[in-house]
file protein.txt (compact mmCIF, C-alpha atoms)
# COMPACT_ATOMS: atom_id res chain seq x y z
CA MET A 1 140.23 98.77 115.19
CA ALA A 2 143.61 99.65 113.71
CA ALA A 3 143.89 102.31 111.04
CA ARG A 4 143.53 101.02 107.52
CA ALA A 5 145.67 102.37 104.69
CA HIS A 6 142.74 103.38 102.47
CA GLY A 7 140.09 104.36 105.02
CA PRO A 8 137.38 102.61 106.99
CA ASN A 9 135.43 99.51 106.03
CA ILE A 10 131.69 100.02 106.29
CA LEU A 11 128.93 97.42 106.01
CA ILE A 12 125.55 98.53 104.69
CA THR A 13 123.08 95.73 105.32
CA GLY A 14 119.34 95.17 105.58
CA THR A 15 116.43 93.32 104.08
CA PRO A 16 116.27 93.43 100.26
CA GLY A 17 114.49 96.60 99.17
CA THR A 18 115.59 98.82 102.06
CA GLY A 19 117.88 100.95 99.89
CA LYS A 20 121.30 99.43 100.58
CA SER A 21 122.64 99.71 97.05
CA THR A 22 121.37 103.25 96.58
CA LEU A 23 122.94 104.43 99.84
CA ALA A 24 126.20 102.51 99.39
CA ALA A 25 126.78 103.62 95.79
CA GLU A 26 126.11 107.28 96.62
CA LEU A 27 128.38 107.11 99.68
CA CYS A 28 131.19 105.66 97.58
CA GLN A 29 130.89 108.51 95.09
CA ARG A 30 130.81 111.22 97.75
CA ALA A 31 133.51 109.72 100.00
CA ALA A 32 135.78 108.24 97.30
CA LEU A 33 135.57 104.73 98.80
CA ASN A 34 135.32 101.39 96.97
CA TYR A 35 131.86 99.94 96.40
CA VAL A 36 131.69 96.21 97.08
CA ASN A 37 128.37 94.63 96.12
CA VAL A 38 128.68 91.07 97.42
CA GLY A 39 126.14 89.76 94.91
CA ASP A 40 128.25 91.18 92.06
CA VAL A 41 131.45 89.71 93.54
CA ALA A 42 129.79 86.28 93.70
CA LYS A 43 128.52 86.60 90.14
CA GLN A 44 131.84 87.78 88.70
CA GLY A 45 133.77 84.98 90.42
CA ASP A 46 131.06 82.32 90.05
CA LEU A 47 131.19 81.94 93.85
CA TYR A 48 128.05 79.84 94.21
CA GLU A 49 127.30 76.59 95.93
CA GLY A 50 124.01 75.79 94.25
CA TRP A 51 120.54 76.91 93.29
CA ASP A 52 117.78 77.71 95.77
CA HIS A 53 114.62 76.28 94.23
CA ILE A 54 112.35 77.93 96.79
CA TYR A 55 113.56 81.49 96.13
CA ASN A 56 114.74 80.89 92.54
CA CYS A 57 118.21 82.30 93.03
CA GLN A 58 121.84 81.29 93.36
CA MET A 59 123.20 80.53 96.83
CA ILE A 60 126.56 82.15 97.39
CA ASP A 61 129.47 80.17 98.75
CA GLU A 62 130.23 82.30 101.81
CA ASP A 63 133.70 80.84 102.40
CA ARG A 64 134.77 81.55 98.81
CA VAL A 65 133.36 85.10 99.02
CA ILE A 66 135.40 85.70 102.18
CA ASP A 67 138.53 84.34 100.50
CA GLU A 68 137.89 86.56 97.48
CA LEU A 69 137.48 89.74 99.57
CA GLU A 70 140.06 89.17 102.32
CA GLU A 71 142.91 91.19 100.82
CA LYS A 72 140.69 94.08 99.69
CA MET A 73 139.08 94.31 103.13
CA GLY A 74 142.49 94.31 104.82
CA GLN A 75 143.47 97.42 102.86
CA GLY A 76 140.37 99.33 103.96
CA GLY A 77 138.38 101.97 102.15
CA ASN A 78 135.40 99.74 101.30
CA ILE A 79 131.66 100.04 101.57
CA VAL A 80 130.17 96.56 101.47
CA ASP A 81 126.55 96.09 100.39
CA TYR A 82 124.80 92.83 101.24
CA HIS A 83 121.48 91.65 102.67
CA SER A 84 123.11 89.43 105.27
CA CYS A 85 125.93 90.11 107.68
CA GLU A 86 126.55 87.20 110.00
CA PHE A 87 129.13 85.37 107.90
CA PHE A 88 131.58 88.25 107.47
CA PRO A 89 134.55 88.32 109.86
CA GLU A 90 133.98 90.83 112.65
CA ARG A 91 137.47 92.27 112.10
CA TRP A 92 136.50 93.53 108.65
CA PHE A 93 134.21 96.37 109.69
CA ASP A 94 134.69 99.61 111.54
CA ILE A 95 130.95 100.30 111.50
CA VAL A 96 127.75 98.53 110.44
CA PHE A 97 124.62 100.31 109.25
CA VAL A 98 121.38 98.31 109.13
CA LEU A 99 118.73 99.90 106.93
CA ARG A 100 115.11 99.52 108.00
CA THR A 101 111.97 100.26 105.99
CA ASP A 102 108.29 100.41 106.87
CA ASN A 103 106.64 97.13 105.87
CA SER A 104 104.06 98.62 103.49
CA ILE A 105 106.76 100.59 101.66
CA LEU A 106 109.02 97.55 101.55
CA TYR A 107 106.20 95.39 100.20
CA ASP A 108 105.63 97.80 97.32
CA ARG A 109 109.36 98.05 96.55
CA LEU A 110 109.79 94.29 96.46
CA GLU A 111 106.64 93.77 94.42
CA SER A 112 107.90 96.31 91.86
CA ARG A 113 111.09 94.18 91.58
CA GLY A 114 109.00 91.15 90.70
CA TYR A 115 109.07 89.45 94.09
CA THR A 116 106.01 87.27 94.59
CA GLY A 117 104.71 84.52 96.85
CA LYS A 118 107.01 83.07 99.47
CA LYS A 119 109.99 85.23 98.48
CA LEU A 120 107.96 88.42 98.94
CA GLU A 121 106.31 87.27 102.17
CA ASP A 122 109.53 86.00 103.74
CA ASN A 123 111.41 89.22 103.03
CA VAL A 124 108.64 91.36 104.51
CA GLN A 125 108.52 89.06 107.57
CA CYS A 126 112.30 89.37 107.84
CA GLU A 127 111.83 93.12 108.18
CA ILE A 128 108.90 92.81 110.59
CA PHE A 129 110.95 90.60 112.91
CA GLN A 130 114.11 92.75 112.54
CA THR A 131 116.06 89.68 111.46
CA ILE A 132 118.98 91.53 109.88
CA LEU A 133 119.22 94.00 112.76
CA GLU A 134 119.36 91.12 115.24
CA GLU A 135 121.98 89.31 113.12
CA ALA A 136 124.12 92.45 113.15
CA ARG A 137 123.74 92.90 116.90
CA ASP A 138 124.67 89.24 117.44
CA SER A 139 127.65 89.37 115.06
CA TYR A 140 129.35 92.69 115.87
CA LYS A 141 130.13 94.85 118.87
CA GLU A 142 127.07 96.79 119.99
CA GLU A 143 128.77 100.15 119.63
CA ILE A 144 129.45 99.71 115.88
CA VAL A 145 125.90 98.64 114.86
CA HIS A 146 123.58 101.47 113.88
CA GLU A 147 119.99 101.34 112.66
CA LEU A 148 118.96 103.80 109.92
CA PHE A 149 115.42 104.26 108.62
CA SER A 150 115.12 104.31 104.86
CA ASN A 151 111.57 105.12 103.79
CA THR A 152 111.81 108.40 101.89
CA PRO A 153 114.26 110.40 99.76
CA GLU A 154 114.63 112.76 102.73
CA GLU A 155 115.70 109.89 104.98
CA LEU A 156 118.16 108.75 102.29
CA GLU A 157 119.74 112.20 102.27
CA ASP A 158 119.80 112.28 106.07
CA ASN A 159 121.46 108.85 106.13
CA LEU A 160 124.05 110.01 103.60
CA GLU A 161 124.90 112.98 105.80
CA LYS A 162 125.11 110.83 108.96
CA VAL A 163 127.44 108.29 107.36
CA LEU A 164 129.57 110.95 105.65
CA SER A 165 129.94 112.70 109.00
CA TRP A 166 131.03 109.41 110.58
CA ILE A 167 133.58 108.86 107.77
CA GLU A 168 134.95 112.37 108.26
CA HIS A 169 135.32 111.75 112.00
CA TRP A 170 136.97 108.36 111.38
CA ASN A 171 139.44 109.89 108.94
CA ALA A 172 140.29 112.68 111.40
CA THR A 173 140.92 110.27 114.27
CA HIS A 174 142.77 107.52 112.40

call {"tool": "encode", "arguments": {"input": "protein.txt", "output": "structure tokens"}}
result
Amino acid sequence: MAARAHGPNILITGTPGTGKSTLAAELCQRAALNYVNVGDVAKQGDLYEGWDHIYNCQMIDEDRVIDELEEKMGQGGNIVDYHSCEFFPERWFDIVFVLRTDNSILYDRLESRGYTGKKLEDNVQCEIFQTILEEARDSYKEEIVHELFSNTPEELEDNLEKVLSWIEHWNATH
């Protein structure tokens, strides 16, 4: 991957409730990178293609999201936070971190967010079957996809240190 003017582009992905937003926001503060929450981008630009009646949420228009972010991603220096990864162009990311959480912890986190029924069950099953991890491995080069466990505050801090170390190395070599 060629050097980017403003630093690396990093994708933080994983099942809802694994701690993506917490990790990504803290990384952006500590590393002075831009935080890109794809859900917020879609909301701000009204980049939706309809309503999902099963999960009671908006469905983002992936093509419009890509168009919206293309220039920003080309400049570099972004940490992207989203629960899916397969629709982003491979060229965008220098590294991909997939957060994983123990199912019982994830269940409690999602339940505390108000997830119920099919939405709760499907997200827990997504984690059980490593759906997001497999999507990442299928969508990006093997050497840039990394699995991080995100169950406890100690693991969060460890993950912060690992990613910050990677950013420091990237900056030194690019």

call {"tool": "residues_around", "arguments": {"input": "protein.txt", "residues": "segment 5-15 of chain A", "least_positions_apart": "2", "cutoff": "8 Å", "atoms": "all atoms listed in the file", "output": "ChimeraX atom specification"}}
result
/A:3,17-18,20,24,33,73,75-85,92-100,123,126-127,132-133,167,170-171

call {"tool": "write_last_selection", "arguments": {"input": "protein.txt", "atoms": "C-alpha atoms", "output": "PDB file, keeping the file's coordinate frame"}}
result
ATOM      1  CA  ALA A   3     143.890 102.310 111.040  1.00  0.00           C
ATOM      2  CA  GLY A  17     114.490  96.600  99.170  1.00  0.00           C
ATOM      3  CA  THR A  18     115.590  98.820 102.060  1.00  0.00           C
ATOM      4  CA  LYS A  20     121.300  99.430 100.580  1.00  0.00           C
ATOM      5  CA  ALA A  24     126.200 102.510  99.390  1.00  0.00           C
ATOM      6  CA  LEU A  33     135.570 104.730  98.800  1.00  0.00           C
ATOM      7  CA  MET A  73     139.080  94.310 103.130  1.00  0.00           C
ATOM      8  CA  GLN A  75     143.470  97.420 102.860  1.00  0.00           C
ATOM      9  CA  GLY A  76     140.370  99.330 103.960  1.00  0.00           C
ATOM     10  CA  GLY A  77     138.380 101.970 102.150  1.00  0.00           C
ATOM     11  CA  ASN A  78     135.400  99.740 101.300  1.00  0.00           C
ATOM     12  CA  ILE A  79     131.660 100.040 101.570  1.00  0.00           C
ATOM     13  CA  VAL A  80     130.170  96.560 101.470  1.00  0.00           C
ATOM     14  CA  ASP A  81     126.550  96.090 100.390  1.00  0.00           C
ATOM     15  CA  TYR A  82     124.800  92.830 101.240  1.00  0.00           C
ATOM     16  CA  HIS A  83     121.480  91.650 102.670  1.00  0.00           C
ATOM     17  CA  SER A  84     123.110  89.430 105.270  1.00  0.00           C
ATOM     18  CA  CYS A  85     125.930  90.110 107.680  1.00  0.00           C
ATOM     19  CA  TRP A  92     136.500  93.530 108.650  1.00  0.00           C
ATOM     20  CA  PHE A  93     134.210  96.370 109.690  1.00  0.00           C
ATOM     21  CA  ASP A  94     134.690  99.610 111.540  1.00  0.00           C
ATOM     22  CA  ILE A  95     130.950 100.300 111.500  1.00  0.00           C
ATOM     23  CA  VAL A  96     127.750  98.530 110.440  1.00  0.00           C
ATOM     24  CA  PHE A  97     124.620 100.310 109.250  1.00  0.00           C
ATOM     25  CA  VAL A  98     121.380  98.310 109.130  1.00  0.00           C
ATOM     26  CA  LEU A  99     118.730  99.900 106.930  1.00  0.00           C
ATOM     27  CA  ARG A 100     115.110  99.520 108.000  1.00  0.00           C
ATOM     28  CA  ASN A 123     111.410  89.220 103.030  1.00  0.00           C
ATOM     29  CA  CYS A 126     112.300  89.370 107.840  1.00  0.00           C
ATOM     30  CA  GLU A 127     111.830  93.120 108.180  1.00  0.00           C
ATOM     31  CA  ILE A 132     118.980  91.530 109.880  1.00  0.00           C
ATOM     32  CA  LEU A 133     119.220  94.000 112.760  1.00  0.00           C
ATOM     33  CA  ILE A 167     133.580 108.860 107.770  1.00  0.00           C
ATOM     34  CA  TRP A 170     136.970 108.360 111.380  1.00  0.00           C
ATOM     35  CA  ASN A 171     139.440 109.890 108.940  1.00  0.00           C
TER      36      ASN A 171
END

call {"tool": "atom_distance", "arguments": {"input": "protein.txt", "atom1": "atom CA of Trp166 of chain A", "atom2": "atom CA of Glu62 of chain A"}}
result
28.5 Å

call {"tool": "residues_around", "arguments": {"input": "protein.txt", "residues": "Arg113 of chain A", "least_positions_apart": "6", "cutoff": "12 Å", "atoms": "all atoms listed in the file", "output": "list in words"}}
result
Pro16, Gly17, Leu106, Tyr107, Lys119 and Leu120 of chain A

call {"tool": "axis_aligned_box", "arguments": {"input": "protein.txt", "around": "segment 97-100 of chain A", "padding_each_side": "4 Å", "output": "AutoDock Vina command-line options"}}
result
--center_x 119.9 --center_y 99.3 --center_z 108.1 --size_x 17.5 --size_y 10.0 --size_z 10.3

call {"tool": "atom_distance", "arguments": {"input": "protein.txt", "atom1": "atom CA of Asn151 of chain A", "atom2": "atom CA of Asp102 of chain A"}}
result
6.5 Å

call {"tool": "closest_residue", "arguments": {"input": "protein.txt", "among": "A:Phe149, A:Ser112, A:Glu90, A:Val163", "to": "Arg137 of chain A", "atoms": "only C-alpha atoms"}}
result
A:Glu90

call {"tool": "atom_distance", "arguments": {"input": "protein.txt", "atom1": "atom CA of Thr101 of chain A", "atom2": "atom CA of Gly50 of chain A"}}
result
29.7 Å

call {"tool": "residues_around", "arguments": {"input": "protein.txt", "residues": "segment 21-23 of chain A", "least_positions_apart": "4", "cutoff": "8 Å", "atoms": "all atoms listed in the file", "output": "ChimeraX atom specification"}}
result
/A:27,37,81,156,159-160

call {"tool": "closest_residue", "arguments": {"input": "protein.txt", "among": "A:Ile54, A:Gly39, A:His174, A:Arg4", "to": "Thr116 of chain A", "atoms": "only C-alpha atoms"}}
result
A:Ile54

call {"tool": "closest_residue", "arguments": {"input": "protein.txt", "among": "A:Leu47, A:Leu148, A:Pro89, A:Tyr140", "to": "Lys162 of chain A", "atoms": "all atoms listed in the file"}}
result
A:Leu148

call {"tool": "decode", "arguments": {"input": "protein.txt", "residues": "segment 43-77 of chain A", "atoms": "N, CA, C and O atoms", "output": "PDB file, in the first residue's frame"}}
result
ATOM      1  N   LYS A  43     -26.274   8.549   8.202  1.00  0.00           N
ATOM      2  CA  LYS A  43     -27.337   9.376   8.788  1.00  0.00           C
ATOM      3  C   LYS A  43     -27.205  10.833   8.352  1.00  0.00           C
ATOM      4  O   LYS A  43     -28.192  11.454   7.936  1.00  0.00           O
ATOM      5  N   GLN A  44     -25.998  11.373   8.432  1.00  0.00           N
ATOM      6  CA  GLN A  44     -25.775  12.773   8.073  1.00  0.00           C
ATOM      7  C   GLN A  44     -26.080  13.051   6.606  1.00  0.00           C
ATOM      8  O   GLN A  44     -26.587  14.109   6.259  1.00  0.00           O
ATOM      9  N   GLY A  45     -25.778  12.088   5.740  1.00  0.00           N
ATOM     10  CA  GLY A  45     -26.006  12.274   4.306  1.00  0.00           C
ATOM     11  C   GLY A  45     -27.293  11.664   3.801  1.00  0.00           C
ATOM     12  O   GLY A  45     -27.551  11.681   2.606  1.00  0.00           O
ATOM     13  N   ASP A  46     -28.092  11.112   4.700  1.00  0.00           N
ATOM     14  CA  ASP A  46     -29.321  10.396   4.332  1.00  0.00           C
ATOM     15  C   ASP A  46     -29.015   9.366   3.239  1.00  0.00           C
ATOM     16  O   ASP A  46     -29.672   9.320   2.195  1.00  0.00           O
ATOM     17  N   LEU A  47     -27.994   8.543   3.503  1.00  0.00           N
ATOM     18  CA  LEU A  47     -27.508   7.566   2.524  1.00  0.00           C
ATOM     19  C   LEU A  47     -28.154   6.197   2.772  1.00  0.00           C
ATOM     20  O   LEU A  47     -27.481   5.221   3.038  1.00  0.00           O
ATOM     21  N   TYR A  48     -29.463   6.163   2.649  1.00  0.00           N
ATOM     22  CA  TYR A  48     -30.230   4.949   2.912  1.00  0.00           C
ATOM     23  C   TYR A  48     -30.943   4.490   1.653  1.00  0.00           C
ATOM     24  O   TYR A  48     -31.254   5.292   0.779  1.00  0.00           O
ATOM     25  N   GLU A  49     -31.219   3.189   1.622  1.00  0.00           N
ATOM     26  CA  GLU A  49     -31.974   2.658   0.502  1.00  0.00           C
ATOM     27  C   GLU A  49     -33.298   2.057   0.931  1.00  0.00           C
ATOM     28  O   GLU A  49     -33.995   1.473   0.115  1.00  0.00           O
ATOM     29  N   GLY A  50     -33.631   2.194   2.193  1.00  0.00           N
ATOM     30  CA  GLY A  50     -34.920   1.685   2.659  1.00  0.00           C
ATOM     31  C   GLY A  50     -34.892   1.316   4.125  1.00  0.00           C
ATOM     32  O   GLY A  50     -33.904   1.535   4.828  1.00  0.00           O
ATOM     33  N   TRP A  51     -35.996   0.753   4.561  1.00  0.00           N
ATOM     34  CA  TRP A  51     -36.185   0.365   5.960  1.00  0.00           C
ATOM     35  C   TRP A  51     -36.244  -1.148   6.059  1.00  0.00           C
ATOM     36  O   TRP A  51     -36.947  -1.796   5.276  1.00  0.00           O
ATOM     37  N   ASP A  52     -35.498  -1.708   7.006  1.00  0.00           N
ATOM     38  CA  ASP A  52     -35.524  -3.149   7.259  1.00  0.00           C
ATOM     39  C   ASP A  52     -36.572  -3.414   8.342  1.00  0.00           C
ATOM     40  O   ASP A  52     -36.364  -3.077   9.509  1.00  0.00           O
ATOM     41  N   HIS A  53     -37.681  -4.003   7.931  1.00  0.00           N
ATOM     42  CA  HIS A  53     -38.791  -4.242   8.860  1.00  0.00           C
ATOM     43  C   HIS A  53     -38.499  -5.379   9.839  1.00  0.00           C
ATOM     44  O   HIS A  53     -39.106  -5.438  10.905  1.00  0.00           O
ATOM     45  N   ILE A  54     -37.591  -6.251   9.491  1.00  0.00           N
ATOM     46  CA  ILE A  54     -37.252  -7.361  10.392  1.00  0.00           C
ATOM     47  C   ILE A  54     -36.418  -6.862  11.562  1.00  0.00           C
ATOM     48  O   ILE A  54     -36.666  -7.204  12.715  1.00  0.00           O
ATOM     49  N   TYR A  55     -35.410  -6.017  11.274  1.00  0.00           N
ATOM     50  CA  TYR A  55     -34.513  -5.524  12.315  1.00  0.00           C
ATOM     51  C   TYR A  55     -34.859  -4.108  12.796  1.00  0.00           C
ATOM     52  O   TYR A  55     -34.175  -3.568  13.658  1.00  0.00           O
ATOM     53  N   ASN A  56     -35.892  -3.516  12.195  1.00  0.00           N
ATOM     54  CA  ASN A  56     -36.331  -2.165  12.568  1.00  0.00           C
ATOM     55  C   ASN A  56     -35.204  -1.145  12.518  1.00  0.00           C
ATOM     56  O   ASN A  56     -34.902  -0.466  13.497  1.00  0.00           O
ATOM     57  N   CYS A  57     -34.572  -1.064  11.348  1.00  0.00           N
ATOM     58  CA  CYS A  57     -33.502  -0.089  11.168  1.00  0.00           C
ATOM     59  C   CYS A  57     -33.382   0.291   9.693  1.00  0.00           C
ATOM     60  O   CYS A  57     -33.886  -0.408   8.819  1.00  0.00           O
ATOM     61  N   GLN A  58     -32.696   1.408   9.457  1.00  0.00           N
ATOM     62  CA  GLN A  58     -32.426   1.836   8.092  1.00  0.00           C
ATOM     63  C   GLN A  58     -31.407   0.898   7.449  1.00  0.00           C
ATOM     64  O   GLN A  58     -30.536   0.366   8.137  1.00  0.00           O
ATOM     65  N   MET A  59     -31.509   0.730   6.149  1.00  0.00           N
ATOM     66  CA  MET A  59     -30.512  -0.022   5.382  1.00  0.00           C
ATOM     67  C   MET A  59     -29.679   0.996   4.616  1.00  0.00           C
ATOM     68  O   MET A  59     -30.231   1.784   3.840  1.00  0.00           O
ATOM     69  N   ILE A  60     -28.367   0.985   4.854  1.00  0.00           N
ATOM     70  CA  ILE A  60     -27.538   1.968   4.169  1.00  0.00           C
ATOM     71  C   ILE A  60     -27.385   1.613   2.695  1.00  0.00           C
ATOM     72  O   ILE A  60     -27.433   0.449   2.307  1.00  0.00           O
ATOM     73  N   ASP A  61     -27.214   2.652   1.907  1.00  0.00           N
ATOM     74  CA  ASP A  61     -26.933   2.499   0.483  1.00  0.00           C
ATOM     75  C   ASP A  61     -25.409   2.437   0.361  1.00  0.00           C
ATOM     76  O   ASP A  61     -24.719   3.469   0.428  1.00  0.00           O
ATOM     77  N   GLU A  62     -24.884   1.239   0.237  1.00  0.00           N
ATOM     78  CA  GLU A  62     -23.435   1.029   0.264  1.00  0.00           C
ATOM     79  C   GLU A  62     -22.709   1.807  -0.824  1.00  0.00           C
ATOM     80  O   GLU A  62     -21.642   2.374  -0.583  1.00  0.00           O
ATOM     81  N   ASP A  63     -23.268   1.858  -2.023  1.00  0.00           N
ATOM     82  CA  ASP A  63     -22.616   2.580  -3.119  1.00  0.00           C
ATOM     83  C   ASP A  63     -22.514   4.070  -2.807  1.00  0.00           C
ATOM     84  O   ASP A  63     -21.482   4.701  -3.066  1.00  0.00           O
ATOM     85  N   ARG A  64     -23.555   4.637  -2.247  1.00  0.00           N
ATOM     86  CA  ARG A  64     -23.538   6.069  -1.904  1.00  0.00           C
ATOM     87  C   ARG A  64     -22.577   6.342  -0.746  1.00  0.00           C
ATOM     88  O   ARG A  64     -21.931   7.393  -0.722  1.00  0.00           O
ATOM     89  N   VAL A  65     -22.474   5.411   0.198  1.00  0.00           N
ATOM     90  CA  VAL A  65     -21.510   5.572   1.292  1.00  0.00           C
ATOM     91  C   VAL A  65     -20.091   5.579   0.739  1.00  0.00           C
ATOM     92  O   VAL A  65     -19.264   6.417   1.112  1.00  0.00           O
ATOM     93  N   ILE A  66     -19.813   4.668  -0.181  1.00  0.00           N
ATOM     94  CA  ILE A  66     -18.478   4.606  -0.795  1.00  0.00           C
ATOM     95  C   ILE A  66     -18.180   5.913  -1.534  1.00  0.00           C
ATOM     96  O   ILE A  66     -17.088   6.471  -1.384  1.00  0.00           O
ATOM     97  N   ASP A  67     -19.143   6.387  -2.304  1.00  0.00           N
ATOM     98  CA  ASP A  67     -18.947   7.654  -3.020  1.00  0.00           C
ATOM     99  C   ASP A  67     -18.676   8.794  -2.039  1.00  0.00           C
ATOM    100  O   ASP A  67     -17.808   9.636  -2.278  1.00  0.00           O
ATOM    101  N   GLU A  68     -19.401   8.809  -0.939  1.00  0.00           N
ATOM    102  CA  GLU A  68     -19.255   9.866   0.069  1.00  0.00           C
ATOM    103  C   GLU A  68     -17.868   9.848   0.713  1.00  0.00           C
ATOM    104  O   GLU A  68     -17.302  10.896   1.016  1.00  0.00           O
ATOM    105  N   LEU A  69     -17.311   8.667   0.938  1.00  0.00           N
ATOM    106  CA  LEU A  69     -16.044   8.538   1.667  1.00  0.00           C
ATOM    107  C   LEU A  69     -14.796   8.458   0.788  1.00  0.00           C
ATOM    108  O   LEU A  69     -13.687   8.528   1.306  1.00  0.00           O
ATOM    109  N   GLU A  70     -14.960   8.303  -0.508  1.00  0.00           N
ATOM    110  CA  GLU A  70     -13.824   8.032  -1.399  1.00  0.00           C
ATOM    111  C   GLU A  70     -12.684   9.043  -1.249  1.00  0.00           C
ATOM    112  O   GLU A  70     -11.529   8.664  -1.070  1.00  0.00           O
ATOM    113  N   GLU A  71     -12.970  10.304  -1.301  1.00  0.00           N
ATOM    114  CA  GLU A  71     -11.907  11.312  -1.226  1.00  0.00           C
ATOM    115  C   GLU A  71     -11.215  11.286   0.135  1.00  0.00           C
ATOM    116  O   GLU A  71      -9.981  11.306   0.216  1.00  0.00           O
ATOM    117  N   LYS A  72     -11.974  11.235   1.193  1.00  0.00           N
ATOM    118  CA  LYS A  72     -11.426  11.195   2.560  1.00  0.00           C
ATOM    119  C   LYS A  72     -10.520   9.984   2.734  1.00  0.00           C
ATOM    120  O   LYS A  72      -9.434  10.078   3.302  1.00  0.00           O
ATOM    121  N   MET A  73     -10.942   8.829   2.234  1.00  0.00           N
ATOM    122  CA  MET A  73     -10.146   7.612   2.383  1.00  0.00           C
ATOM    123  C   MET A  73      -8.863   7.698   1.564  1.00  0.00           C
ATOM    124  O   MET A  73      -7.829   7.176   1.975  1.00  0.00           O
ATOM    125  N   GLY A  74      -8.907   8.360   0.421  1.00  0.00           N
ATOM    126  CA  GLY A  74      -7.719   8.528  -0.402  1.00  0.00           C
ATOM    127  C   GLY A  74      -6.644   9.362   0.272  1.00  0.00           C
ATOM    128  O   GLY A  74      -5.452   9.183   0.016  1.00  0.00           O
ATOM    129  N   GLN A  75      -7.057  10.271   1.149  1.00  0.00           N
ATOM    130  CA  GLN A  75      -6.099  11.122   1.862  1.00  0.00           C
ATOM    131  C   GLN A  75      -5.420  10.380   3.010  1.00  0.00           C
ATOM    132  O   GLN A  75      -4.320  10.730   3.410  1.00  0.00           O
ATOM    133  N   GLY A  76      -6.086   9.369   3.549  1.00  0.00           N
ATOM    134  CA  GLY A  76      -5.527   8.608   4.662  1.00  0.00           C
ATOM    135  C   GLY A  76      -5.819   9.254   6.002  1.00  0.00           C
ATOM    136  O   GLY A  76      -6.471  10.290   6.098  1.00  0.00           O
ATOM    137  N   GLY A  77      -5.323   8.582   7.054  1.00  0.00           N
ATOM    138  CA  GLY A  77      -5.487   9.106   8.395  1.00  0.00           C
ATOM    139  C   GLY A  77      -6.855   8.863   9.004  1.00  0.00           C
ATOM    140  O   GLY A  77      -7.299   9.639   9.850  1.00  0.00           O
TER     141      GLY A  77
END
